[in-house]
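One structure below.
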Amino acid sequence: MKLPTPPGLRRKPPRPGTTPTRNGAKVNGAANGDPKALKQAQKQAKRDTRKEQALEVPIATLSWLDERTGGGPFLRAFLFRKVPKGTNWYYTLGSATLFAFVNQAVTGVFLAMYYNPSTTQAYGSVHHIINDVFLGEFVRGMHKWGSTVMVVLVFLHMGRTFFFGAYKYPRELNWIIGVVLLILTMAMSFTGYLLPFDQRAFWATVVGVNINASGPIVGPYLADFLRGGAEFTSTTLSRFYAIHMLLIPGLIIALIGAHLFLVSKLGTTAPPWLKAEKARELAEEEI
Amino acid sequence: MADSSKKKRSPYTKDRGTLGAFEGETVTRRRFITAGALTAGGVATAAVALPALGFALGPIFEKTVREGWQDVGPEADFNPVTYVPKVITLVADIGEAGKTTIYVRKAVAADRSPSDKGKTPLPYVAISTRCAHLGCPVRYVQAAQRFICPCHGGVYDRQGKVVGGPPVRPLDRFYTRVVNGRVQVGQRFSLNSKLERFHPRDPSNHLDGLWQYLYPRRPTT
């Protein structure tokens, strides 16, 4: 598949003997012998050369990288891939979810700099983040409300995929990966809920763990695994923290990678109404 | 190897016409080294992954170190009619999160359990406030003589038996004893609807009928 070279990535070197100018009219004015216009043209030419020189650095860096990674064609194929007719704003819900996840990851990393996952310190450290740390309330708010936003976006994205029929052959595997990502997002919400360690967090987690315990045969073992024993201890909090910030994010990042790979490999689907129009046209032709 | 589908293939690589085969060799060097590399990789992965997995799953099979007997006050503090709330420590060193309220009263003849056969009955009734539905803290309402759970509406009578809502078994209790005129509280135990004693279970685990066989006694308790 041959893709058109997008503008901006490949810069043609100026032909020898010509001075690149932004405005042809000014050059014409200079040729007429108007001293004011001539001066202006010279100034313009000088500015253009400086711009050229300034552009040299990033272009050289990019081509250095491209030469050593061969990533240019891949990046171009990914960023400038063809999308079906009828692609609309609903197709951005996946990217929006990705953005929400990146927001959670970034704010989470910075929250981890102040948070202390011990049963006696956790509440105090969250209190400290909210009340004392510069912009702490804002960053913590981004993480707290961002988690809700992410769950909402995941469901909207899933709904779009479902109602547009985008889960059908050959994209079933991507649907399955998406469902696993949904479950992991829920697990993130569950493990993150405990971390502020206030009354609500504590009792919600007690109830959540006991819901796991209500499963026949394996339930009690699952609850023991989550609590790190028969009782809710300091192990429970550090366990939830490790699952929340290390285990699940790693899995989510890996699965998002697979999800995006399949999207770029298989492409997106056209909205269902376009297919319906085509079918009607065909039917009319046949009559 | 066009004839391999009809005739039985020779076990020797040389007979099969493999390039660079040695006399009497049954496996090519390439196959042998591939299998060796895969085995080594598998062993190395297992050597890292299995201990890590065991480390994470350990608590399922570990026995919890239990707190010993805890003093809750002199015998004069308690009576057979009203429950007295007391705070005990379930898990040490984790602050308020490790403490719980229990309700204690003196046991009467009606509190005898079928499990008491041939033993001295427990001198005091110490009821856990952990709801048998999903573990929320219940409170005792004296006027109604009921334990009431704020989360999902579980209601228990004065004995801790379920009279309403979603709980699946009576409220847990703790063993009690009297030492030198002081009441002490020991281990938790769970009860079925006949108030027979069982090893402690998680909330939501049934102890009656066929359901009880679906919820094994956990190794940690």
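Every chain in the structure tokens takes a letter, A first, then B, and so on in the order presented; its residues are numbered from 1, and the ligands are numbered from 1 following the presented order.
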
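In this structure, the chain B residues at most 8 Å away from chain A are Ala56, Leu57, Gly58, Pro59, Ile60, Glu62, Thr64, Leu90, Val91, Ile94, Gly95, Ala97, Gly98, Leu134, Gly135, Cys136, Asp202, Pro203, Ser204, Asn205, Leu214, Tyr215, Pro216, Arg218, Thr220 and Thr221 of chain B, with only C-alpha atoms considered.
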
Next, write the just-selected residues to a file, as a short mmCIF file (atom, residue, chain, number, x, y, z; two decimals), in the first residue's frame, keeping C-alpha atoms as the atom set.
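After the write, out-v5.cif holds the following:
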data_model
loop_
_atom_site.label_atom_id
_atom_site.label_comp_id
_atom_site.auth_asym_id
_atom_site.auth_seq_id
_atom_site.Cartn_x
_atom_site.Cartn_y
_atom_site.Cartn_z
CA ALA B 56 1.89 -13.42 46.60
CA LEU B 57 -0.44 -16.38 47.26
CA GLY B 58 1.19 -17.36 50.57
CA PRO B 59 -1.45 -15.78 52.85
CA ILE B 60 -4.05 -18.21 51.53
CA GLU B 62 -0.55 -19.41 56.09
CA THR B 64 -2.71 -16.32 61.10
CA LEU B 90 -8.23 -7.81 66.38
CA VAL B 91 -4.96 -6.82 64.70
CA ILE B 94 -2.34 -0.90 62.80
CA GLY B 95 -4.16 1.71 64.87
CA ALA B 97 -8.33 -0.06 61.77
CA GLY B 98 -7.33 -3.09 63.88
CA LEU B 134 -20.74 -8.43 54.04
CA GLY B 135 -18.92 -7.36 57.17
CA CYS B 136 -20.28 -3.90 57.96
CA ASP B 202 -15.92 -14.93 56.26
CA PRO B 203 -19.14 -12.97 56.24
CA SER B 204 -21.51 -14.21 53.52
CA ASN B 205 -20.39 -17.85 54.00
CA LEU B 214 -19.75 -24.83 49.28
CA TYR B 215 -17.80 -22.72 51.76
CA PRO B 216 -14.75 -24.61 53.00
CA ARG B 218 -10.18 -21.64 55.36
CA THR B 220 -5.96 -19.39 57.92
CA THR B 221 -8.66 -19.59 60.57
#

For range 151-161 of chain B, work out the shell of residues within 6 Å, counting only C-alpha atoms and skipping chain neighbours fewer than 6 positions away, then give it as a PDB file with C-alpha atoms, in the first residue's frame.
ATOM      1  CA  GLN B 145     -33.486  -5.466  71.251  1.00  0.00           C
ATOM      2  CA  PRO B 167     -27.393 -12.115  56.299  1.00  0.00           C
ATOM      3  CA  PRO B 170     -26.089 -15.456  62.983  1.00  0.00           C
ATOM      4  CA  LEU B 171     -23.538 -12.920  64.177  1.00  0.00           C
TER       5      LEU B 171
END

Practice problem: Could you give me, as a VMD selection string, each residue of range 5-172 of chain B that DSSP assigns to strand (DSSP E) when run on this structure's backbone? | Solution: chain B and resid 70 to 74 84 to 89 99 to 106 124 to 128 139 to 141 146 to 148 155 to 156 162 to 164

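Across the structure, CA of Ile148 in chain B and CA of Leu122 in chain B are spaced 24.4 Å apart.
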
Give me the residues near Pro123 in chain B as a compact mmCIF listing (two decimals) with C-alpha atoms, in the first residue's frame, where near means some atom within 10 Å (using only C-alpha atoms) and where sequence neighbours in that chain fewer than 6 positions away do not count.
# COMPACT_ATOMS: atom_id res chain seq x y z
CA ARG B 105 -23.46 -9.77 78.49
CA LYS B 106 -23.58 -12.51 81.09
CA ALA B 107 -24.77 -15.84 79.70
CA VAL B 108 -27.96 -17.42 81.02
CA ASP B 111 -27.73 -19.25 75.87
CA ARG B 112 -26.54 -22.88 75.99
CA TYR B 175 -14.89 -17.27 73.34
CA THR B 176 -15.07 -15.93 76.89
CA ARG B 177 -13.62 -16.91 80.25
CA VAL B 178 -13.28 -15.43 83.71
CA VAL B 183 -13.79 -11.17 81.95

Exercise. From a DSSP calculation on the backbone, collect every residue of range 55-157 of chain B in helix (DSSP H, G or I) and output the set as an MDAnalysis selection string.
Key: chainID B and resid 55:61 75:77 95:98 109:111 114:116

Quiz item: Please, what distance in Å, to one decimal, runs between CA of Gly71 in chain A and CA of Lys265 in chain A?
Solution: 16.0 Å

Quiz item: Expressed in Å to a single decimal, how great is the separation between CA of Gly20 in chain B and CA of Gly36 in chain B?
Solution: 19.8 Å

Exercise. For Gly72 in chain A, work out the shell of residues within 10 Å, counting only C-alpha atoms and skipping chain neighbours fewer than 6 positions away, then give it as number ranges by chain.
Key: A: 9, 62-63, 65-66, 78

Atoms kept (C-alpha atoms) for selection, written as a PDB file, in the first residue's frame:
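Wrote again33.pdb, looks like this:
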ATOM      1  CA  LEU A   9       8.048  15.587   7.170  1.00  0.00           C
ATOM      2  CA  LEU A  62      14.673  13.619  13.335  1.00  0.00           C
ATOM      3  CA  SER A  63      16.578  12.249  10.378  1.00  0.00           C
ATOM      4  CA  LEU A  65      16.660   9.069  14.643  1.00  0.00           C
ATOM      5  CA  ASP A  66      14.897   7.918  11.482  1.00  0.00           C
ATOM      6  CA  PHE A  78       0.171   4.808  11.657  1.00  0.00           C
TER       7      PHE A  78
END
